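Okay, model.cif is below, mmCIF, C-alpha atoms:
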data_query
#
loop_
_atom_site.label_atom_id
_atom_site.label_comp_id
_atom_site.auth_asym_id
_atom_site.auth_seq_id
_atom_site.Cartn_x
_atom_site.Cartn_y
_atom_site.Cartn_z
CA MET E 1 61.90 126.58 136.44
CA PRO E 2 59.08 127.73 134.13
CA LYS E 3 56.31 129.55 135.93
CA PRO E 4 52.67 128.48 135.54
CA LEU E 5 51.09 129.66 132.31
CA PRO E 6 48.14 132.04 132.18
CA PRO E 7 44.90 130.34 131.19
CA VAL E 8 43.78 130.50 127.56
CA ASN E 9 40.52 130.15 125.77
CA CYS E 10 40.58 128.09 122.57
CA ASN E 11 37.42 127.42 120.62
CA THR E 12 38.65 125.53 117.58
CA GLU E 13 41.46 123.16 116.69
CA ARG E 14 42.80 125.78 114.35
CA GLU E 15 43.05 128.29 117.17
CA ALA E 16 44.80 125.68 119.32
CA MET E 17 47.37 125.05 116.57
CA TRP E 18 48.14 128.74 116.19
CA LEU E 19 48.35 129.12 119.93
CA GLY E 20 51.01 126.38 119.82
CA VAL E 21 52.90 128.24 117.09
CA ARG E 22 52.73 131.56 118.97
CA GLU E 23 53.79 130.14 122.31
CA ALA E 24 56.63 128.14 120.78
CA SER E 25 57.89 131.23 118.96
CA ARG E 26 58.81 133.04 122.20
CA VAL E 27 61.19 131.65 124.83
CA PRO E 28 61.32 128.08 123.42
CA ALA E 29 62.29 129.36 119.95
CA ALA E 30 64.91 131.67 121.47
CA ILE E 31 66.51 128.74 123.31
CA MET E 32 66.35 126.53 120.23
CA SER E 33 67.82 129.14 117.91
CA ALA E 34 70.75 129.90 120.22
CA SER E 35 71.55 126.23 120.70
CA PHE E 36 71.29 125.42 116.99
CA ILE E 37 73.46 128.43 116.10
CA GLY E 38 76.02 126.94 118.48
CA PHE E 39 75.59 123.55 116.84
CA GLY E 40 76.02 125.03 113.36
CA SER E 41 79.31 126.56 114.48
CA LEU E 42 80.40 123.20 115.87
CA VAL E 43 79.58 121.55 112.53
CA HIS E 44 81.75 124.09 110.73
CA ASP E 45 84.51 123.75 113.30
CA ALA E 46 84.52 119.96 112.97
CA GLY E 47 85.11 120.24 109.22
CA TRP E 48 81.73 118.82 108.29
CA THR E 49 79.66 120.24 105.44
CA LEU E 50 76.53 122.33 105.93
CA GLY E 51 74.50 119.55 104.28
CA GLN E 52 75.76 117.05 106.84
CA GLY E 53 74.94 119.40 109.70
CA ILE E 54 71.42 120.06 108.44
CA ALA E 55 70.89 116.36 107.79
CA THR E 56 71.62 115.52 111.43
CA THR E 57 69.44 118.38 112.63
CA VAL E 58 66.34 117.37 110.67
CA SER E 59 66.78 113.61 111.03
CA THR E 60 67.91 113.33 114.66
CA TRP E 61 66.63 116.60 116.14
CA ALA E 62 68.04 115.94 119.60
CA LEU E 63 71.12 118.06 120.23
CA PRO E 64 73.11 116.05 122.80
CA GLY E 65 73.11 113.08 120.42
CA GLN E 66 74.09 115.32 117.50
CA ILE E 67 77.02 116.78 119.42
CA MET E 68 77.99 113.30 120.59
CA LEU E 69 77.96 112.10 116.97
CA ILE E 70 80.31 114.84 115.78
CA GLU E 71 82.69 114.64 118.75
CA MET E 72 82.97 110.84 118.63
CA PHE E 73 83.24 110.68 114.86
CA ASN E 74 86.06 113.20 114.81
CA ALA E 75 87.81 111.42 117.68
CA GLY E 76 87.84 108.32 115.46
CA ALA E 77 85.38 106.23 117.44
CA PRO E 78 84.02 103.12 115.69
CA LEU E 79 80.49 103.30 114.27
CA LEU E 80 79.23 100.76 116.79
CA ALA E 81 80.40 102.90 119.71
CA ILE E 82 78.78 105.97 118.13
CA ALA E 83 75.52 104.10 117.55
CA VAL E 84 75.28 102.82 121.13
CA SER E 85 76.31 106.14 122.70
CA VAL E 86 73.90 108.23 120.62
CA GLY E 87 71.18 105.64 121.22
CA MET E 88 71.73 105.77 124.98
CA ILE E 89 71.93 109.53 125.24
CA ASN E 90 68.74 109.94 123.22
CA ALA E 91 66.90 107.13 125.01
CA ARG E 92 65.51 109.83 127.30
CA LEU E 93 63.09 110.60 124.45
CA PHE E 94 61.32 107.31 125.18
CA PRO E 95 59.77 108.33 128.51
CA MET E 96 58.90 111.74 127.05
CA VAL E 97 56.91 110.24 124.17
CA VAL E 98 55.39 107.62 126.48
CA SER E 99 54.09 110.26 128.86
CA LEU E 100 53.03 112.91 126.34
CA LEU E 101 51.15 110.94 123.69
CA PRO E 102 48.32 109.56 125.83
CA MET E 103 47.38 113.15 126.67
CA VAL E 104 47.15 114.33 123.06
CA ARG E 105 45.65 111.28 121.37
CA LYS E 106 42.47 112.09 119.53
CA PRO E 107 39.84 109.73 118.14
CA GLY E 108 39.81 109.56 114.36
CA ILE E 109 43.54 110.19 113.89
CA SER E 110 45.18 107.24 112.21
CA GLY E 111 48.03 105.58 114.07
CA TRP E 112 50.85 106.34 111.64
CA ILE E 113 50.51 110.06 112.22
CA TYR E 114 51.76 109.60 115.77
CA PHE E 115 54.87 107.84 114.46
CA VAL E 116 55.63 110.90 112.32
CA LEU E 117 54.67 113.39 115.01
CA ALA E 118 57.02 111.70 117.51
CA ASN E 119 59.87 113.31 115.56
CA VAL E 120 58.99 116.75 116.89
CA ILE E 121 59.01 115.57 120.50
CA ALA E 122 62.21 116.60 122.26
CA VAL E 123 62.74 118.25 125.61
CA THR E 124 61.65 121.77 124.62
CA THR E 125 58.46 120.54 122.95
CA TRP E 126 57.77 118.14 125.77
CA MET E 127 58.06 120.77 128.48
CA GLY E 128 56.10 123.44 126.64
CA VAL E 129 53.22 121.15 125.70
CA MET E 130 53.05 119.50 129.13
CA LEU E 131 52.75 122.92 130.74
CA ARG E 132 49.93 124.05 128.46
CA ILE E 133 47.91 120.83 128.20
CA PRO E 134 45.98 121.22 131.48
CA HIS E 135 44.40 124.42 130.11
CA LEU E 136 43.27 122.92 126.82
CA LYS E 137 40.24 120.86 125.96
CA PRO E 138 41.29 117.26 125.23
CA GLU E 139 40.27 117.56 121.56
CA HIS E 140 42.50 120.63 121.07
CA ARG E 141 45.71 119.22 122.52
CA PHE E 142 46.72 117.32 119.40
CA SER E 143 46.57 120.52 117.30
CA TYR E 144 48.50 122.44 119.93
CA LEU E 145 51.31 119.86 119.83
CA ILE E 146 51.44 120.08 116.03
CA GLY E 147 51.74 123.87 116.10
CA PHE E 148 54.29 123.94 118.92
CA GLY E 149 56.51 121.05 117.82
CA CYS E 150 56.49 121.75 114.10
CA LEU E 151 57.47 125.38 114.52
CA LEU E 152 60.52 124.45 116.61
CA TRP E 153 61.47 121.64 114.26
CA PHE E 154 61.07 123.84 111.21
CA ILE E 155 63.31 126.68 112.41
CA SER E 156 66.17 124.40 113.53
CA PRO E 157 67.85 123.80 110.15
CA PHE E 158 67.86 127.54 109.43
CA PHE E 159 69.65 128.33 112.67
CA THR E 160 72.06 125.46 112.06
CA ALA E 161 72.90 127.15 108.74
CA LEU E 162 73.15 130.56 110.39
CA GLY E 163 75.64 129.24 112.96
CA PHE E 164 77.59 127.50 110.20
CA PHE E 165 78.00 130.65 108.12
CA ALA E 166 78.47 132.87 111.16
CA SER E 167 81.64 131.02 112.10
CA ASP E 168 83.11 131.98 108.71
CA VAL E 169 82.18 135.65 108.89
CA LEU E 170 82.47 136.52 112.57
CA PRO E 171 85.78 137.33 114.27
CA ARG E 172 87.59 134.23 115.44
CA PRO E 173 86.96 134.70 119.19
CA VAL E 174 83.21 134.88 118.54
CA SER E 175 83.12 131.69 116.49
CA VAL E 176 85.15 129.87 119.16
CA GLY E 177 82.69 131.25 121.71
CA LEU E 178 79.77 129.84 119.71
CA VAL E 179 81.37 126.39 119.79
CA PHE E 180 81.83 126.79 123.54
CA LEU E 181 78.10 127.47 123.80
CA ASN E 182 77.45 123.75 123.23
CA PRO E 183 79.10 122.22 126.32
CA LEU E 184 78.10 125.19 128.48
CA TYR E 185 74.43 125.01 127.50
CA PHE E 186 74.17 121.34 128.39
CA THR E 187 76.08 121.73 131.63
CA LEU E 188 73.57 124.33 132.79
CA LEU E 189 70.51 122.57 131.40
CA PHE E 190 71.30 119.54 133.51
CA LEU E 191 71.82 121.64 136.62
CA VAL E 192 68.42 123.33 136.40
CA ASP E 193 66.45 120.73 138.31
CA LEU E 194 69.18 118.66 139.83
CA LYS E 195 67.76 117.30 143.05
CA LYS E 196 67.90 113.52 143.02
CA PRO E 197 71.10 112.11 144.56
CA SER E 198 71.43 109.52 141.77
CA LYS E 199 71.52 112.28 139.13
CA ILE E 200 74.07 114.29 141.09
CA ILE E 201 76.29 111.22 141.43
CA ALA E 202 75.86 110.39 137.73
CA LEU E 203 76.87 113.90 136.69
CA SER E 204 79.90 113.93 139.00
CA LEU E 205 81.12 110.47 137.98
CA GLY E 206 80.61 111.30 134.30
CA ALA E 207 82.54 114.54 134.55
CA VAL E 208 85.51 112.74 136.18
CA LEU E 209 85.42 109.51 134.15
CA GLY E 210 84.89 111.20 130.77
CA PRO E 211 88.30 112.86 130.52
CA LEU E 212 90.08 110.13 132.56
CA LEU E 213 88.93 107.17 130.48
CA PHE E 214 89.88 109.05 127.32
CA PHE E 215 93.50 108.21 128.18
CA VAL E 216 92.58 104.52 128.49
CA SER E 217 90.62 104.19 125.24
CA SER E 218 89.74 107.14 123.06
CA ASP E 219 87.30 105.01 121.05
CA TRP E 220 85.06 103.58 123.72
CA SER E 221 85.71 105.99 126.58
CA LEU E 222 82.45 107.94 126.40
CA LEU E 223 80.28 104.86 126.25
CA LEU E 224 82.20 103.31 129.15
CA THR E 225 81.80 106.57 131.06
CA GLY E 226 78.04 106.45 130.61
CA ILE E 227 77.59 102.81 131.49
CA ILE E 228 80.04 102.65 134.43
CA GLY E 229 79.17 106.06 135.84
CA GLY E 230 75.43 105.72 135.22
CA THR E 231 75.12 102.22 136.66
CA ALA E 232 77.19 103.10 139.74
CA ALA E 233 75.07 106.22 140.24
CA TYR E 234 71.86 104.22 139.83
CA PHE E 235 72.81 101.75 142.58
CA LEU E 236 74.31 104.36 144.89
CA GLY E 237 71.23 106.52 144.34
CA GLN E 238 68.90 103.64 145.20
CA ARG E 239 70.65 103.31 148.54
CA ILE E 240 70.13 106.99 149.25
CA ASP E 241 66.75 107.61 147.58
CA GLY E 242 65.31 104.27 148.57
CA PRO E 243 63.96 102.03 145.79
CA THR E 244 60.31 103.03 146.12
CA ILE E 245 58.75 105.71 143.97
CA LYS E 246 57.42 108.60 145.96
CA PRO E 247 53.61 108.44 145.91
CA GLU E 248 53.13 112.18 145.40
CA MET E 249 55.10 112.07 142.17
CA GLU E 250 52.75 112.04 139.24
CA PRO E 251 54.04 109.60 136.61
CA GLY E 252 55.51 111.34 133.64
CA ILE E 253 55.64 114.80 135.11
CA GLU E 254 58.95 114.39 136.87
CA ILE E 255 61.18 113.61 133.95
CA ASP E 256 64.73 114.09 132.87
CA ARG E 257 65.42 117.04 130.68
CA GLY E 258 68.72 116.45 129.03
CA GLY E 259 68.37 119.10 126.39
CA ASN E 260 66.67 119.03 123.08
CA MET Q 1 88.36 101.83 111.24
CA THR Q 2 86.99 99.01 109.10
CA ASP Q 3 87.86 96.55 106.35
CA PHE Q 4 85.16 97.62 103.93
CA ASN Q 5 86.12 99.73 100.95
CA ILE Q 6 84.03 102.72 101.79
CA PRO Q 7 85.35 106.21 101.03
CA PRO Q 8 85.94 108.30 104.18
CA TRP Q 9 83.30 110.94 103.38
CA ALA Q 10 80.67 108.23 103.13
CA PHE Q 11 81.38 107.26 106.73
CA ILE Q 12 80.02 110.57 107.95
CA TRP Q 13 76.75 109.92 106.13
CA ILE Q 14 76.58 106.37 107.47
CA ALA Q 15 77.19 107.71 110.99
CA ILE Q 16 74.48 110.35 110.48
CA ALA Q 17 72.01 107.74 109.26
CA ILE Q 18 72.81 105.38 112.15
CA SER Q 19 72.45 108.19 114.71
CA ALA Q 20 69.10 109.20 113.24
CA ALA Q 21 67.92 105.58 113.26
CA VAL Q 22 68.89 104.86 116.87
CA THR Q 23 67.35 108.16 117.96
CA TYR Q 24 64.12 107.44 116.13
CA SER Q 25 63.96 104.00 117.74
CA SER Q 26 63.41 105.68 121.14
CA ARG Q 27 60.59 107.79 119.72
CA PHE Q 28 59.13 104.81 117.83
CA LEU Q 29 59.11 102.63 120.94
CA GLY Q 30 57.67 105.56 122.86
CA VAL Q 31 54.65 105.63 120.50
CA ILE Q 32 54.22 101.86 120.80
CA PHE Q 33 54.37 101.84 124.58
CA SER Q 34 52.63 105.15 125.21
CA GLY Q 35 50.11 104.76 127.96
CA LYS Q 36 51.25 101.18 128.61
CA VAL Q 37 54.31 101.68 130.78
CA ARG Q 38 55.03 104.02 133.65
CA SER Q 39 57.50 106.66 132.66
CA ASP Q 40 59.20 106.52 136.05
CA GLY Q 41 60.07 102.81 136.21
CA LYS Q 42 63.42 101.31 137.17
CA LEU Q 43 64.74 100.80 133.64
CA ILE Q 44 63.98 104.40 132.75
CA GLU Q 45 65.63 105.53 135.96
CA TRP Q 46 68.78 103.62 134.98
CA VAL Q 47 68.69 105.06 131.44
CA ALA Q 48 68.42 108.53 132.95
CA CYS Q 49 71.51 107.90 135.08
CA VAL Q 50 73.46 106.66 132.07
CA THR Q 51 72.34 109.73 130.09
CA TYR Q 52 73.50 112.07 132.83
CA ALA Q 53 76.89 110.35 133.10
CA LEU Q 54 77.31 110.26 129.29
CA LEU Q 55 76.47 113.90 128.92
CA ALA Q 56 78.66 114.98 131.81
CA GLY Q 57 81.50 112.95 130.30
CA LEU Q 58 80.96 114.48 126.87
CA VAL Q 59 80.79 118.02 128.22
CA ALA Q 60 83.81 117.58 130.50
CA ARG Q 61 85.82 116.21 127.62
CA MET Q 62 84.84 119.06 125.32
CA ILE Q 63 85.95 121.56 127.97
CA ILE Q 64 89.05 119.80 129.32
CA LEU Q 65 90.31 117.93 126.23
CA PRO Q 66 88.86 119.81 123.24
CA ILE Q 67 89.59 118.48 119.76
CA GLY Q 68 88.40 121.44 117.67
CA SER Q 69 88.83 125.19 117.77
CA LEU Q 70 88.17 125.28 121.53
CA GLY Q 71 91.80 124.23 121.79
CA GLU Q 72 92.71 127.79 120.77
CA ALA Q 73 91.61 128.89 124.23
CA THR Q 74 93.90 127.87 127.06
CA ASP Q 75 92.76 125.42 129.75
CA TRP Q 76 92.59 128.33 132.14
CA MET Q 77 90.33 130.35 129.82
CA ARG Q 78 87.90 127.49 129.24
CA LEU Q 79 87.67 126.63 132.91
CA SER Q 80 87.23 130.21 134.06
CA ALA Q 81 84.61 130.85 131.36
CA THR Q 82 82.76 127.76 132.62
CA ALA Q 83 83.04 129.07 136.18
CA ALA Q 84 81.71 132.47 135.07
CA GLY Q 85 78.75 130.77 133.38
CA LEU Q 86 78.02 128.69 136.48
CA ALA Q 87 78.25 131.75 138.74
CA ALA Q 88 75.80 133.73 136.58
CA PHE Q 89 73.49 130.72 136.37
CA TYR Q 90 73.21 130.47 140.15
CA ALA Q 91 73.21 134.24 140.68
CA TYR Q 92 70.19 134.67 138.40
CA ARG Q 93 67.98 132.00 140.00
CA ARG Q 94 69.26 129.14 137.84
CA SER Q 95 68.70 130.93 134.56
CA VAL Q 96 70.21 128.93 131.70
CA ALA Q 97 70.14 131.99 129.45
CA ALA Q 98 72.08 134.16 131.93
CA GLY Q 99 74.69 131.43 132.41
CA VAL Q 100 75.15 130.69 128.71
CA ILE Q 101 75.41 134.36 127.73
CA THR Q 102 77.86 135.19 130.54
CA GLY Q 103 80.09 132.15 130.01
CA THR Q 104 80.21 132.56 126.23
CA LEU Q 105 80.93 136.30 126.49
CA ALA Q 106 83.63 135.62 129.08
CA LEU Q 107 85.44 133.27 126.69
CA ILE Q 108 85.06 135.67 123.75
CA ILE Q 109 86.50 138.56 125.79
CA MET Q 110 89.43 136.45 127.02
CA LEU Q 111 90.23 135.37 123.46
CA TRP Q 112 89.98 138.87 122.01
#
Encoding of this model in C-alpha cells:
Amino acid sequence: MPKPLPPVNCNTEREAMWLGVREASRVPAAIMSASFIGFGSLVHDAGWTLGQGIATTVSTWALPGQIMLIEMFNAGAPLLAIAVSVGMINARLFPMVVSLLPMVRKPGISGWIYFVLANVIAVTTWMGVMLRIPHLKPEHRFSYLIGFGCLLWFISPFFTALGFFASDVLPRPVSVGLVFLNPLYFTLLFLVDLKKPSKIIALSLGAVLGPLLFFVSSDWSLLLTGIIGGTAAYFLGQRIDGPTIKPEMEPGIEIDRGGN
Amino acid sequence: MTDFNIPPWAFIWIAIAISAAVTYSSRFLGVIFSGKVRSDGKLIEWVACVTYALLAGLVARMIILPIGSLGEATDWMRLSATAAGLAAFYAYRRSVAAGVITGTLALIIMLW
C-alpha cells in the first residue's frame, strides 16, 4: 500500500496545480503508461484500429471496462450485454466521485466544470489525490486535482498508441507478453488490499464461473458471472462480516480499487 | 447479431460510444450525488462485489480461454506465468509492479 506522503507547502493555486502534475508524473504515470501500453497491444491484437483504441481510451478512460468491451465484442456478445457489463464494471467510479468531489469543491467554480472534471477521476487519480488532500489548503485542492488528473488523462492516448505500434515492431513473444500484461495487472491490483470476506468470495466465484459459464452461453456469460457471483458473495459476506458498517471506517476512504 | 442494416465496422464504434456513455453515467451520477450519499452503503457494497466477480471472470477467461494472440502460449505457459507473477507479487510485499514485470517476463521467456 502507498506510504504516507511527505508534507508540502503550497502558496498559490498555480503551485498546487503544478504539484499535482509533478506528483502524477512519477509512480502513477509509470503505472498508467505500462497499463495503457498493454491495452494498446490488446487493441492491435484484437484487430481493432488505432483510432478505435484511442477513442475508447479518451472517452471511457477506465481500463477494466475498455478491456471488457474489446473481449466481449470480439467474442460476439450482443451490444446490450456489453453495455450492462461495462456499466457494472465501471460503476465503481460512482463512489469514487461521490467521495472525492466534496473535498475539492471550491466556491466560485460553476457546476458544469465538475461534470467535465469527473472524466479524469479513475482509481489512480482518486488514490493519489485522496492521499495528498489532507496536506493541502481547501482552496488549493481543486487545482491539485486538475494537475494530477489531467496529466494522467493526457498521456494515456499516447501510450495506447505506443503499445499498438510496439506489437507490430517487437518480436512476437514480447507483443504476446504485452497482451498478457492486461489480465495479470488486474489480477494483482485486486489482490493488493483484499481483506473483506465478501470481496474474496466474489473474486473466487468470478474466477470459477467466468470460464465455466462461457460453455453455457458465450454471449451473456460474463454478465451472469458478475451478477450471480457478486450477489452470492454479497450475501455470504454479510453473514461473515455482519451487516453493520464498522464505526472506525471513515466513509469514502475504504473504497474498492478495481484499476483505472 | 441484429436485424438492422448496419455495416460491421460501425458496430465497433457503436459499442465504443455505448461503453463511454455507460461509464460516464457513473461519473455523472457521482457528481450529482457527491456529498449526499455515503460511499460505503449497501448498494455500493453490492456493486463492488459484482465488479470483483466480473473482473475475476474476465481475467480468468482471458488466461484460461484466450481468444487472441494469448492462445499462442500453451495453457501451461499462461498458468505458470500467472503463478510466477503471483509469487513475485507476494514475495515483494504485494508489489503490483514486481508481479506484473515478473509474470510478463516469464511468459516472454517461455515463448521465446
Report task. Determine, counting all atoms listed in the file, every residue of protein, DNA or RNA that lies within 9 Å of (84.0, 123.7, 120.7) in the file coordinates, then give the result as a VMD selection string. Result -> (chain E and resid 38 41 to 42 45 to 46 176 to 183) or (chain Q and resid 62 to 63 66 to 71)
Requested in this report: Just the residues within 12 Å of Thr124 (chain E), please, counting all atoms listed in the file, with nothing from its chain fewer than 5 positions along; format it as a PyMOL selection string.
Outcome: chain E and resi 2+23-33+35+61-63+93+96+129-131+145+148-153+189+256-260
Query raised in the report: If you apply the PyMOL selection byres ((chain E and resi 73) around 10) to this file, what residues do you get, as a list in words?
Result: Ala46, Ile67, Met68, Leu69, Ile70, Glu71, Met72, Asn74, Ala75, Gly76, Ala77, Pro78, Leu79, Ala81, Ile82 and Asp219 of chain E; Phe11, Ile12, Ala15 and Ile16 of chain Q
Requested in this report: Point out the residue among Q:Ala87, Q:Ile14, Q:Val50, Q:Ile109 with the least atom-to-atom distance to chain E, counting only C-alpha atoms.
Outcome: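 Checking each candidate against chain E, we get Q:Val50 as the closest.
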Report task. Report the residues retrieved by the PyMOL selection byres ((chain Q and resi 51) around 8) from the displayed file, expressed as a PyMOL selection string. Result -> (chain E and resi 88-92+226+230+258) or (chain Q and resi 47-50+52-55)
Report task. To verify the selection step, state as a list in words which residues the PyMOL selection byres ((chain E and resi 164-170) around 7) yields on this input. Result ->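 Matching residues under the PyMOL selection byres ((chain E and resi 164-170) around 7) are Gly40, Ser41, Val43, His44, Leu50, Thr160, Ala161, Leu162, Gly163, Pro171, Arg172, Val174 and Ser175 of chain E.
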For those residues, write C-alpha atoms to a file as a CSV table (one decimal), in the frame of the given file.
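As written to disk, selection24.csv reads:
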chain,number,residue,atom,x,y,z
E,40,GLY,CA,76.0,125.0,113.4
E,41,SER,CA,79.3,126.6,114.5
E,43,VAL,CA,79.6,121.6,112.5
E,44,HIS,CA,81.8,124.1,110.7
E,50,LEU,CA,76.5,122.3,105.9
E,160,THR,CA,72.1,125.5,112.1
E,161,ALA,CA,72.9,127.2,108.7
E,162,LEU,CA,73.2,130.6,110.4
E,163,GLY,CA,75.6,129.2,113.0
E,171,PRO,CA,85.8,137.3,114.3
E,172,ARG,CA,87.6,134.2,115.4
E,174,VAL,CA,83.2,134.9,118.5
E,175,SER,CA,83.1,131.7,116.5
Query raised in the report: Using only C-alpha atoms, which residue out of E:Ser156, E:Asn11, E:Thr125, E:Ser143 lies closest to Thr56 (chain E)?
Result: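 Of E:Ser156, E:Asn11, E:Thr125, E:Ser143, the one nearest Thr56 (chain E) is E:Ser156, counting only C-alpha atoms.
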